[in-house]
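Below is query.cif, which holds mmCIF, C-alpha atoms and all ligand atoms.
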data_structure
#
loop_
_atom_site.label_atom_id
_atom_site.label_comp_id
_atom_site.auth_asym_id
_atom_site.auth_seq_id
_atom_site.Cartn_x
_atom_site.Cartn_y
_atom_site.Cartn_z
CA MET A 1 0.00 0.00 0.00
CA GLU A 2 1.35 3.44 -0.96
CA ASN A 3 1.57 5.62 2.18
CA ASN A 4 2.92 8.87 0.74
CA ASN A 5 -0.49 10.12 -0.22
CA LYS A 6 -1.90 9.39 3.26
CA THR A 7 -2.27 12.23 5.73
CA ILE A 8 -1.90 11.91 9.49
CA LEU A 9 -3.17 14.59 11.85
CA ILE A 10 -1.15 14.85 15.07
CA VAL A 11 -3.15 16.50 17.84
CA GLU A 12 -0.56 17.30 20.52
CA ASP A 13 0.53 20.43 22.40
CA GLU A 14 4.01 19.39 23.62
CA LYS A 15 6.60 20.57 21.13
CA LEU A 16 8.99 17.73 21.96
CA ASN A 17 6.33 15.09 21.38
CA ILE A 18 5.29 16.73 18.12
CA ASN A 19 8.88 16.64 16.89
CA VAL A 20 9.35 12.97 17.82
CA LEU A 21 6.15 11.92 16.05
CA ALA A 22 6.75 14.10 13.00
CA GLU A 23 10.33 12.84 12.65
CA LEU A 24 9.14 9.25 12.92
CA LEU A 25 6.42 9.55 10.30
CA LYS A 26 7.37 12.33 7.89
CA ASP A 27 9.11 10.12 5.32
CA GLU A 28 6.06 7.96 4.79
CA TYR A 29 3.11 10.22 5.43
CA LYS A 30 1.99 13.77 4.97
CA ILE A 31 1.81 15.31 8.46
CA ILE A 32 -0.55 17.98 9.77
CA VAL A 33 -0.24 19.26 13.35
CA ALA A 34 -2.93 20.74 15.60
CA LYS A 35 -2.05 21.97 19.10
CA THR A 36 -5.57 22.35 20.49
CA GLY A 37 -8.86 20.51 20.16
CA LYS A 38 -10.42 23.46 18.37
CA ASP A 39 -7.52 23.64 15.95
CA ALA A 40 -7.84 19.88 15.30
CA LEU A 41 -11.52 20.20 14.35
CA SER A 42 -10.90 23.13 12.01
CA ARG A 43 -8.00 21.24 10.36
CA LEU A 44 -10.38 18.34 9.78
CA GLU A 45 -12.83 20.68 8.10
CA LEU A 46 -10.17 21.87 5.66
CA SER A 47 -8.07 18.79 4.91
CA LYS A 48 -8.65 15.16 4.00
CA VAL A 49 -7.16 13.19 6.90
CA ASP A 50 -6.59 9.41 6.92
CA LEU A 51 -5.66 8.84 10.57
CA ILE A 52 -5.53 10.88 13.78
CA LEU A 53 -3.01 10.60 16.62
CA LEU A 54 -4.84 12.22 19.51
CA ASP A 55 -3.42 13.31 22.86
CA ILE A 56 -5.86 13.28 25.77
CA MET A 57 -4.61 16.29 27.70
CA LEU A 58 -4.93 19.38 25.49
CA PRO A 59 -4.81 23.07 26.48
CA ASP A 60 -8.43 23.91 25.60
CA THR A 61 -10.29 20.62 26.04
CA ASP A 62 -9.60 16.92 26.44
CA GLY A 63 -9.05 14.38 23.67
CA TYR A 64 -12.21 12.48 24.64
CA SER A 65 -14.48 15.37 23.67
CA VAL A 66 -12.56 15.86 20.39
CA CYS A 67 -12.99 12.12 19.70
CA ARG A 68 -16.72 12.34 20.51
CA LYS A 69 -17.20 15.24 18.08
CA ILE A 70 -15.34 13.43 15.29
CA LYS A 71 -17.32 10.23 15.77
CA SER A 72 -20.62 12.10 15.68
CA SER A 73 -19.83 13.65 12.31
CA ASP A 74 -21.01 11.67 9.26
CA ARG A 75 -18.11 12.97 7.22
CA LEU A 76 -15.37 12.30 9.80
CA LYS A 77 -16.57 9.28 11.79
CA ASP A 78 -14.69 6.69 9.72
CA ILE A 79 -11.25 8.29 10.29
CA PRO A 80 -9.33 5.96 12.64
CA ILE A 81 -8.26 7.62 15.90
CA ILE A 82 -5.32 6.41 18.01
CA PHE A 83 -5.02 7.94 21.48
CA ILE A 84 -1.43 8.65 22.46
CA THR A 85 -1.23 9.61 26.10
CA SER A 86 0.61 9.39 29.36
CA LYS A 87 -2.67 8.47 31.08
CA ASN A 88 -1.98 4.78 31.46
CA ASN A 89 -4.59 3.28 33.74
CA VAL A 90 -7.11 0.75 32.45
CA ASP A 91 -10.16 3.01 33.00
CA ASP A 92 -8.65 5.66 30.73
CA GLU A 93 -7.99 3.02 28.05
CA ILE A 94 -11.55 1.69 28.31
CA LYS A 95 -12.96 5.22 28.13
CA GLY A 96 -10.90 6.02 25.02
CA LEU A 97 -11.73 2.81 23.19
CA SER A 98 -15.43 2.98 24.08
CA MET A 99 -15.61 6.34 22.32
CA GLY A 100 -14.70 4.75 19.04
CA ALA A 101 -10.90 5.07 19.04
CA ILE A 102 -9.29 2.04 17.40
CA ASP A 103 -6.16 2.00 19.54
CA TYR A 104 -4.70 3.39 22.75
CA ILE A 105 -0.95 3.83 23.05
CA THR A 106 0.74 5.05 26.22
CA LYS A 107 3.78 7.29 26.42
CA PRO A 108 6.62 6.63 26.29
CA PHE A 109 5.93 4.58 23.19
CA SER A 110 8.13 2.37 21.08
CA PRO A 111 8.58 4.06 17.67
CA PRO A 112 8.60 0.82 15.59
CA ILE A 113 5.45 -0.45 17.34
CA LEU A 114 3.65 2.86 16.80
CA LYS A 115 4.62 2.84 13.10
CA THR A 116 3.44 -0.72 12.65
CA ARG A 117 0.13 -0.02 14.35
CA ILE A 118 -0.47 3.06 12.21
CA GLU A 119 0.27 1.04 9.09
CA THR A 120 -2.03 -1.80 10.20
CA HIS A 121 -4.94 0.53 10.92
CA LEU A 122 -4.54 2.35 7.63
CA LYS A 123 -4.49 -1.00 5.82
CA LEU A 124 -7.68 -2.05 7.61
CA VAL A 125 -9.43 1.16 6.59
CA GLU A 126 -8.28 0.65 3.00
CA TYR A 127 -9.47 -2.99 2.92
CA SER A 128 -12.79 -2.06 4.42
CA ARG A 129 -13.20 0.71 1.82
CA ARG A 130 -12.36 -1.71 -1.01
CA LEU A 131 -14.76 -4.29 0.40
CA LYS A 132 -17.53 -1.68 0.59
CA ASN A 133 -16.92 -0.66 -3.04
CA GLN A 134 -16.82 -4.28 -4.11
CA ASN A 135 -20.11 -4.99 -2.32
CA LYS A 136 -21.67 -1.93 -3.91
CA PHE A 137 -20.48 -3.09 -7.33
CA LEU A 138 -21.82 -6.61 -6.74
CA GLU A 139 -25.17 -5.22 -5.55
CA MET A 140 -25.39 -3.12 -8.71
CA MET A 141 -24.56 -6.15 -10.87
CA VAL A 142 -27.17 -8.32 -9.12
CA GLU A 143 -29.75 -5.54 -9.47
CA LYS A 144 -28.99 -5.16 -13.17
CA LYS A 145 -29.10 -8.91 -13.84
CA THR A 146 -32.35 -9.25 -11.89
CA LYS A 147 -33.84 -6.39 -13.88
CA ASP A 148 -32.73 -8.01 -17.15
CA ILE A 149 -34.28 -11.34 -16.17
CA THR A 150 -37.51 -9.68 -15.00
CA THR A 151 -37.78 -7.64 -18.20
CA THR A 152 -37.21 -10.75 -20.33
CA ARG A 153 -39.85 -12.63 -18.33
CA ASP A 154 -42.36 -9.78 -18.59
CA MET A 155 -41.81 -9.50 -22.33
CA ALA A 156 -42.20 -13.26 -22.80
CA VAL A 157 -45.41 -13.24 -20.75
CA TYR A 158 -46.84 -10.29 -22.63
CA SER A 159 -45.91 -11.73 -26.02
CA MET A 160 -47.59 -15.02 -25.17
CA ALA A 161 -50.69 -13.22 -23.96
CA MET A 162 -50.84 -11.01 -27.06
CA MET A 163 -50.50 -13.99 -29.38
CA ALA A 164 -53.34 -15.74 -27.58
CA GLU A 165 -55.54 -12.63 -27.66
CA GLN A 166 -54.92 -11.83 -31.31
CA ARG A 167 -57.38 -14.51 -32.44
CA ASP A 168 -60.09 -13.00 -30.31
CA LYS A 169 -61.24 -10.05 -32.39
CA ASP A 170 -62.84 -8.01 -29.60
CA THR A 171 -60.78 -8.66 -26.53
CA GLY A 172 -57.41 -8.09 -28.23
CA TYR A 173 -57.25 -4.61 -26.67
CA HIS A 174 -58.05 -5.30 -23.07
CA LEU A 175 -54.79 -6.57 -21.57
CA LYS A 176 -53.56 -3.14 -20.52
CA ARG A 177 -56.99 -2.07 -19.29
CA THR A 178 -57.48 -5.12 -17.08
CA GLN A 179 -53.99 -4.66 -15.65
CA SER A 180 -54.85 -1.05 -14.79
CA TYR A 181 -58.18 -2.00 -13.16
CA ILE A 182 -56.39 -4.60 -11.02
CA LEU A 183 -53.76 -2.12 -9.90
CA MET A 184 -56.43 0.44 -8.98
CA LEU A 185 -58.43 -2.17 -7.03
CA CYS A 186 -55.33 -3.31 -5.11
CA ASN A 187 -54.43 0.25 -4.14
CA GLN A 188 -58.00 1.00 -3.07
CA LEU A 189 -58.23 -2.21 -1.01
CA ARG A 190 -55.02 -1.26 0.78
CA GLU A 191 -56.44 2.18 1.42
CA ASN A 192 -59.56 0.55 2.90
CA ASN A 193 -57.32 -1.75 5.02
CA LYS A 194 -58.71 -4.86 3.33
CA TYR A 195 -56.57 -7.94 2.63
CA THR A 196 -53.47 -5.98 3.61
CA ASN A 197 -51.74 -9.21 4.73
CA ILE A 198 -51.97 -10.53 1.14
CA LEU A 199 -51.61 -7.30 -0.81
CA THR A 200 -47.85 -6.84 -0.49
CA ASP A 201 -45.95 -4.92 -3.15
CA ASP A 202 -44.59 -8.23 -4.51
CA PHE A 203 -48.08 -9.79 -4.69
CA ILE A 204 -49.51 -6.78 -6.51
CA ASP A 205 -46.60 -6.78 -8.96
CA ARG A 206 -47.06 -10.50 -9.67
CA VAL A 207 -50.82 -10.21 -10.17
CA TYR A 208 -50.34 -7.16 -12.39
CA LYS A 209 -47.68 -8.86 -14.51
CA SER A 210 -49.39 -12.24 -14.86
CA ALA A 211 -52.95 -10.93 -15.39
CA PRO A 212 -52.51 -10.74 -19.21
CA LEU A 213 -52.21 -14.54 -19.24
CA HIS A 214 -55.73 -15.11 -17.85
CA ASP A 215 -57.25 -16.20 -21.17
CA ILE A 216 -54.19 -17.87 -22.66
CA GLY A 217 -56.17 -21.14 -22.78
CA LYS A 218 -58.35 -19.63 -25.52
CA VAL A 219 -55.71 -20.74 -28.04
CA SER A 220 -57.38 -24.16 -27.79
CA ILE A 221 -60.87 -22.80 -28.58
CA PRO A 222 -61.95 -23.03 -32.26
CA ASP A 223 -62.43 -19.71 -34.10
CA LYS A 224 -66.08 -20.43 -34.82
CA ILE A 225 -66.79 -20.49 -31.10
CA LEU A 226 -64.36 -17.77 -30.03
CA ASN A 227 -65.68 -15.26 -32.56
CA LYS A 228 -69.28 -16.43 -32.86
CA PRO A 229 -71.45 -13.31 -33.30
CA ALA A 230 -74.28 -14.79 -31.26
CA LYS A 231 -74.98 -16.51 -27.98
CA LEU A 232 -73.13 -19.81 -27.62
CA THR A 233 -75.08 -23.07 -27.52
CA GLU A 234 -74.81 -25.07 -24.33
CA GLU A 235 -72.32 -27.40 -25.97
CA GLU A 236 -70.22 -24.50 -27.30
CA TYR A 237 -70.31 -22.83 -23.89
CA GLU A 238 -69.00 -26.04 -22.30
CA MET A 239 -66.14 -26.02 -24.81
CA MET A 240 -65.45 -22.35 -24.10
CA LYS A 241 -65.28 -23.09 -20.38
CA ASP A 242 -62.35 -25.42 -21.08
CA HIS A 243 -60.10 -22.42 -21.69
CA SER A 244 -59.38 -21.91 -18.00
CA TYR A 245 -58.20 -25.47 -17.46
CA ALA A 246 -56.36 -25.62 -20.82
CA GLY A 247 -54.44 -22.42 -19.97
CA TYR A 248 -53.64 -23.71 -16.49
CA GLU A 249 -52.33 -26.98 -17.95
CA THR A 250 -50.07 -25.12 -20.39
CA ILE A 251 -48.47 -22.99 -17.66
CA ASN A 252 -48.34 -25.87 -15.21
CA SER A 253 -46.49 -28.11 -17.68
CA ALA A 254 -44.04 -25.30 -18.46
CA ALA A 255 -43.58 -24.64 -14.72
CA GLN A 256 -42.82 -28.28 -14.07
CA ILE A 257 -40.18 -28.33 -16.78
CA ILE A 258 -38.54 -25.07 -15.69
CA GLU A 259 -39.03 -24.79 -11.95
CA GLN A 260 -41.37 -26.47 -9.48
CA ASN A 261 -42.11 -23.62 -7.14
CA ASN A 262 -42.12 -20.10 -8.50
CA GLU A 263 -44.37 -17.46 -6.91
CA PHE A 264 -44.91 -15.61 -10.18
CA LEU A 265 -46.07 -18.76 -11.98
CA ASN A 266 -48.18 -19.83 -8.97
CA ILE A 267 -50.14 -16.58 -9.15
CA ALA A 268 -50.40 -16.84 -12.95
CA LYS A 269 -51.84 -20.37 -12.52
CA GLU A 270 -54.39 -19.16 -9.93
CA ILE A 271 -55.58 -16.38 -12.20
CA ILE A 272 -55.81 -18.58 -15.29
CA LEU A 273 -57.61 -21.45 -13.57
CA TYR A 274 -59.97 -19.53 -11.29
CA HIS A 275 -60.87 -16.24 -12.98
CA HIS A 276 -64.36 -17.56 -13.85
CA GLU A 277 -65.13 -18.76 -10.32
CA LYS A 278 -67.95 -16.87 -8.57
CA TRP A 279 -68.20 -15.79 -4.92
CA ASP A 280 -71.40 -17.85 -4.38
CA GLY A 281 -69.85 -21.02 -5.83
CA SER A 282 -71.74 -20.99 -9.12
CA GLY A 283 -68.66 -20.40 -11.30
CA TYR A 284 -66.27 -22.78 -13.04
CA PRO A 285 -64.13 -24.91 -13.27
CA GLU A 286 -64.29 -26.05 -9.62
CA GLY A 287 -67.24 -24.12 -8.18
CA LEU A 288 -65.06 -22.63 -5.42
CA GLN A 289 -66.78 -20.28 -2.97
CA GLY A 290 -65.85 -17.02 -1.20
CA GLU A 291 -62.30 -16.65 -0.02
CA ASN A 292 -61.49 -20.18 -1.21
CA ILE A 293 -61.13 -18.49 -4.58
CA PRO A 294 -57.61 -16.97 -4.60
CA LEU A 295 -57.64 -13.18 -4.25
CA SER A 296 -55.65 -12.88 -7.50
CA ALA A 297 -58.49 -14.60 -9.40
CA ARG A 298 -61.19 -12.57 -7.60
CA LEU A 299 -59.42 -9.39 -8.71
CA MET A 300 -59.18 -10.70 -12.25
CA ALA A 301 -62.90 -11.54 -12.28
CA VAL A 302 -63.89 -7.96 -11.43
CA ALA A 303 -61.49 -6.47 -13.99
CA ASP A 304 -62.41 -8.97 -16.72
CA VAL A 305 -66.19 -8.66 -16.35
CA PHE A 306 -66.10 -4.87 -16.09
CA ASP A 307 -64.08 -4.70 -19.30
CA ALA A 308 -66.43 -7.10 -21.08
CA LEU A 309 -69.46 -5.00 -20.06
CA ILE A 310 -68.09 -1.58 -20.96
CA ASN A 311 -66.80 -2.70 -24.38
CA LYS A 312 -68.48 -4.15 -27.43
CA ARG A 313 -68.12 -7.88 -27.97
CA VAL A 314 -69.00 -9.97 -31.07
CA TYR A 315 -72.03 -11.26 -29.24
CA LYS A 316 -73.19 -7.97 -27.64
CA ASP A 317 -73.01 -4.16 -27.70
CA ALA A 318 -71.21 -2.07 -25.09
CA PHE A 319 -73.41 -1.30 -22.08
CA PRO A 320 -73.90 2.28 -20.87
CA GLU A 321 -71.97 3.28 -17.73
CA GLU A 322 -75.04 3.25 -15.44
CA GLU A 323 -75.92 -0.26 -16.57
CA VAL A 324 -72.34 -1.47 -16.05
CA THR A 325 -72.24 -0.02 -12.51
CA LYS A 326 -75.63 -1.61 -11.74
CA ILE A 327 -74.53 -5.06 -12.93
CA MET A 328 -71.23 -4.87 -11.03
CA ILE A 329 -72.99 -3.85 -7.79
CA GLU A 330 -75.67 -6.50 -8.21
CA GLY A 331 -72.85 -9.05 -8.56
CA SER A 332 -71.53 -8.22 -5.06
CA GLY A 333 -71.75 -11.37 -2.95
CA THR A 334 -72.98 -13.51 -5.85
CA HIS A 335 -70.46 -13.18 -8.66
CA PHE A 336 -67.90 -10.96 -6.91
CA ASP A 337 -66.18 -10.57 -3.55
CA PRO A 338 -68.18 -7.78 -1.78
CA LYS A 339 -64.97 -6.11 -0.51
CA LEU A 340 -63.74 -5.83 -4.08
CA ILE A 341 -67.02 -4.33 -5.23
CA ASP A 342 -66.85 -1.80 -2.37
CA ALA A 343 -63.41 -0.85 -3.65
CA PHE A 344 -64.67 -0.74 -7.23
CA PHE A 345 -67.60 1.49 -6.27
CA ALA A 346 -65.29 3.93 -4.48
CA ILE A 347 -63.21 4.41 -7.63
CA LYS A 348 -65.62 3.52 -10.43
CA ASP A 349 -65.08 6.87 -12.15
CA HIS A 350 -61.41 5.96 -12.56
CA PHE A 351 -62.43 2.62 -14.06
CA PHE A 352 -64.52 4.40 -16.70
CA GLU A 353 -61.69 6.87 -17.34
CA ILE A 354 -59.23 4.01 -17.96
CA ALA A 355 -61.76 2.21 -20.18
CA GLU A 356 -62.03 5.35 -22.30
CA LYS A 357 -58.36 6.30 -22.25
CA LEU A 358 -57.09 2.83 -23.18
CA LYS A 359 -59.87 2.04 -25.64
CA LEU A 360 -57.56 1.55 -28.62
CA ILE A 361 -54.39 0.56 -26.86
CA ARG A 362 -53.36 -3.03 -27.03
FE FE R 1 -61.62 -16.17 -19.45
#
Reformat the file's structure so that it appears as structure tokens.
Amino acid sequence: MENNNKTILIVEDEKLNINVLAELLKDEYKIIVAKTGKDALSRLELSKVDLILLDIMLPDTDGYSVCRKIKSSDRLKDIPIIFITSKNNVDDEIKGLSMGAIDYITKPFSPPILKTRIETHLKLVEYSRRLKNQNKFLEMMVEKKTKDITTTRDMAVYSMAMMAEQRDKDTGYHLKRTQSYILMLCNQLRENNKYTNILTDDFIDRVYKSAPLHDIGKVSIPDKILNKPAKLTEEEYEMMKDHSYAGYETINSAAQIIEQNNEFLNIAKEIILYHHEKWDGSGYPEGLQGENIPLSARLMAVADVFDALINKRVYKDAFPEEEVTKIMIEGSGTHFDPKLIDAFFAIKDHFFEIAEKLKLIR
């Protein structure tokens, strides 16, 4: 380690002691001298100091209070302080070290030992600084890599969802809208202190990101059913209902190949499989009831139905806003989770704004 660019501040009032220390260290370090505590603090304001040799008995104050002031300053607290003093009882040593000094050397001192200790402490500071920088660099790298992986995943998910939706002539534009409705509902539920134990930032992010996959199973539904401009027959409806299980199977098979237990895929699977379940148990595919339906799927149900009502579909016209609100509220406790409908009702104007704003955005 190169020492010549390191600066040592000697805080000492005895001329003889100053000369001994300066003579000992001047060839290897830049030396600054302060004869009082006040002088020491103003020197520290003006110069970059790497280590401080601090006497305890000073003309204006004692070394302990100088040490305390240095350690309470964000800018100075990491500068190592070595007390050099003739006070040589154990209590003084304990007091000095407990204030954050890294060493306590009594006078008269052995010059080679003092030099070695100074060198050791400067090395420690340098290693700790390098380690901090290295950790910061590694954290940045991990953050960047994680962001890259997340972006790739999000793009893959969105591409899959868009490909699946492209065949469906009407609903091809609703991915962004349903994501926005879900986000608004989550925020409102948190504001109402509902489901706060589930609605963590991570959960909301996962639901938001995986929501576009909810109808991915529609790739298995024939065009003549998917785009039929009339009400489906009972048989066709049964085939249409298969899309939730078909989508779930696709993601589940992929999940088993890639990774068994991934929270993002688990939430995607919940949404895909259960987004047509109803609060009163009359939905499909499993007829789950109430809170047995995962919250992710209950959120999706509200967003999906709202979007279907407010927009035109091949089999129906768009409903007026009053009618949509009426149907959503009537669905509270039958089709939908009442707490979610309370949240919807509180922010329904925002729902209609999003529906309008994102009308033509895929
Ligand atoms: Fe669906």
Problem set entry | Nearby residues, ligand FE 1 (chain R), 7 Å, all atoms listed in the file, as a PyMOL selection string | chain A and resi 214-215+243-244+275-276
Can I get the selected residues back with C-alpha atoms, as a short mmCIF file (atom, residue, chain, number, x, y, z; two decimals), in the coordinates of the input?
data_model
loop_
_atom_site.label_atom_id
_atom_site.label_comp_id
_atom_site.auth_asym_id
_atom_site.auth_seq_id
_atom_site.Cartn_x
_atom_site.Cartn_y
_atom_site.Cartn_z
CA HIS A 214 -55.73 -15.11 -17.85
CA ASP A 215 -57.25 -16.20 -21.17
CA HIS A 243 -60.10 -22.42 -21.69
CA SER A 244 -59.38 -21.91 -18.00
CA HIS A 275 -60.87 -16.24 -12.98
CA HIS A 276 -64.36 -17.56 -13.85
#
Problem set entry | Selected residue, from A:Val302, A:Cys186, A:Ile8, A:Leu232, that lies nearest to Lys115 in chain A when counting all atoms listed in the file |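 Selected residue with least distance to Lys115 in chain A: A:Ile8.
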Exercise. In Å, with one decimal, what is the gap from CA of Pro212 in chain A to CA of Ser282 in chain A?
Worked result: 24.0 Å
Problem set entry | Close residues, range 50-57 of chain A itself excluded, 8 Å, only C-alpha atoms, min 2 positions apart in chain, as a list in words | Lys6, Thr7, Ile8, Leu9, Ile10, Val11, Glu12, Lys48, Pro59, Thr61, Asp62, Gly63, Tyr64, Ile79, Pro80, Ile81, Ile82, Phe83, Ile84, Thr85, Lys87, Ile118 and Leu122 of chain A
Exercise. Restricting the calculation to only C-alpha atoms, which member of A:Ile293, A:Ala22, A:Leu183, A:Met162 is positioned closest to Asp280 in chain A?
Worked result: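 Ranking A:Ile293, A:Ala22, A:Leu183, A:Met162 by distance to Asp280 in chain A, first place goes to A:Ile293.
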Problem set entry | Atom pair CA of Ala34 in chain A / CA of Ile18 in chain A: separation (Å) |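 Atom-to-atom, CA of Ala34 in chain A to CA of Ile18 in chain A, that is 9.5 Å.
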For this session: Considering all atoms listed in the file, return as a list in words whatever protein or nucleic-acid residues lie within 12 Å of Asp154 in chain A, sequence-local ones (same chain, fewer than 6 positions apart) excluded.
Result: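 Counting only the stated atoms, we get Lys147, Asp148, Met160, Ala161, Asp205, Arg206, Val207, Tyr208, Lys209, Ser210, Ala211, Pro212, Leu213, Phe264 and Leu265 of chain A.
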Problem set entry | Distance in Å - CA of Arg190 in chain A versus CA of Asp202 in chain A | 13.6 Å
Exercise. Between A:Phe306, A:Phe344, A:Thr151, A:Lys38, which one has atoms that come closest to Ile327 in chain A, using only C-alpha atoms?
Worked result: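 Among the listed residues, the smallest separation from Ile327 in chain A belongs to A:Phe306.
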For this session: Fewer than 2 positions away in the same chain doesn't count, so skip those; otherwise give me all residues within 7 Å of Phe336 in chain A, counting all atoms listed in the file, as a PyMOL selection string.
Result: chain A and resi 278-279+298+302+331-334+338+341
Problem set entry | Who sits within 10 Å of Met239 in chain A, all atoms listed in the file, same chain under 2 positions skipped, as a count of residues only | 14
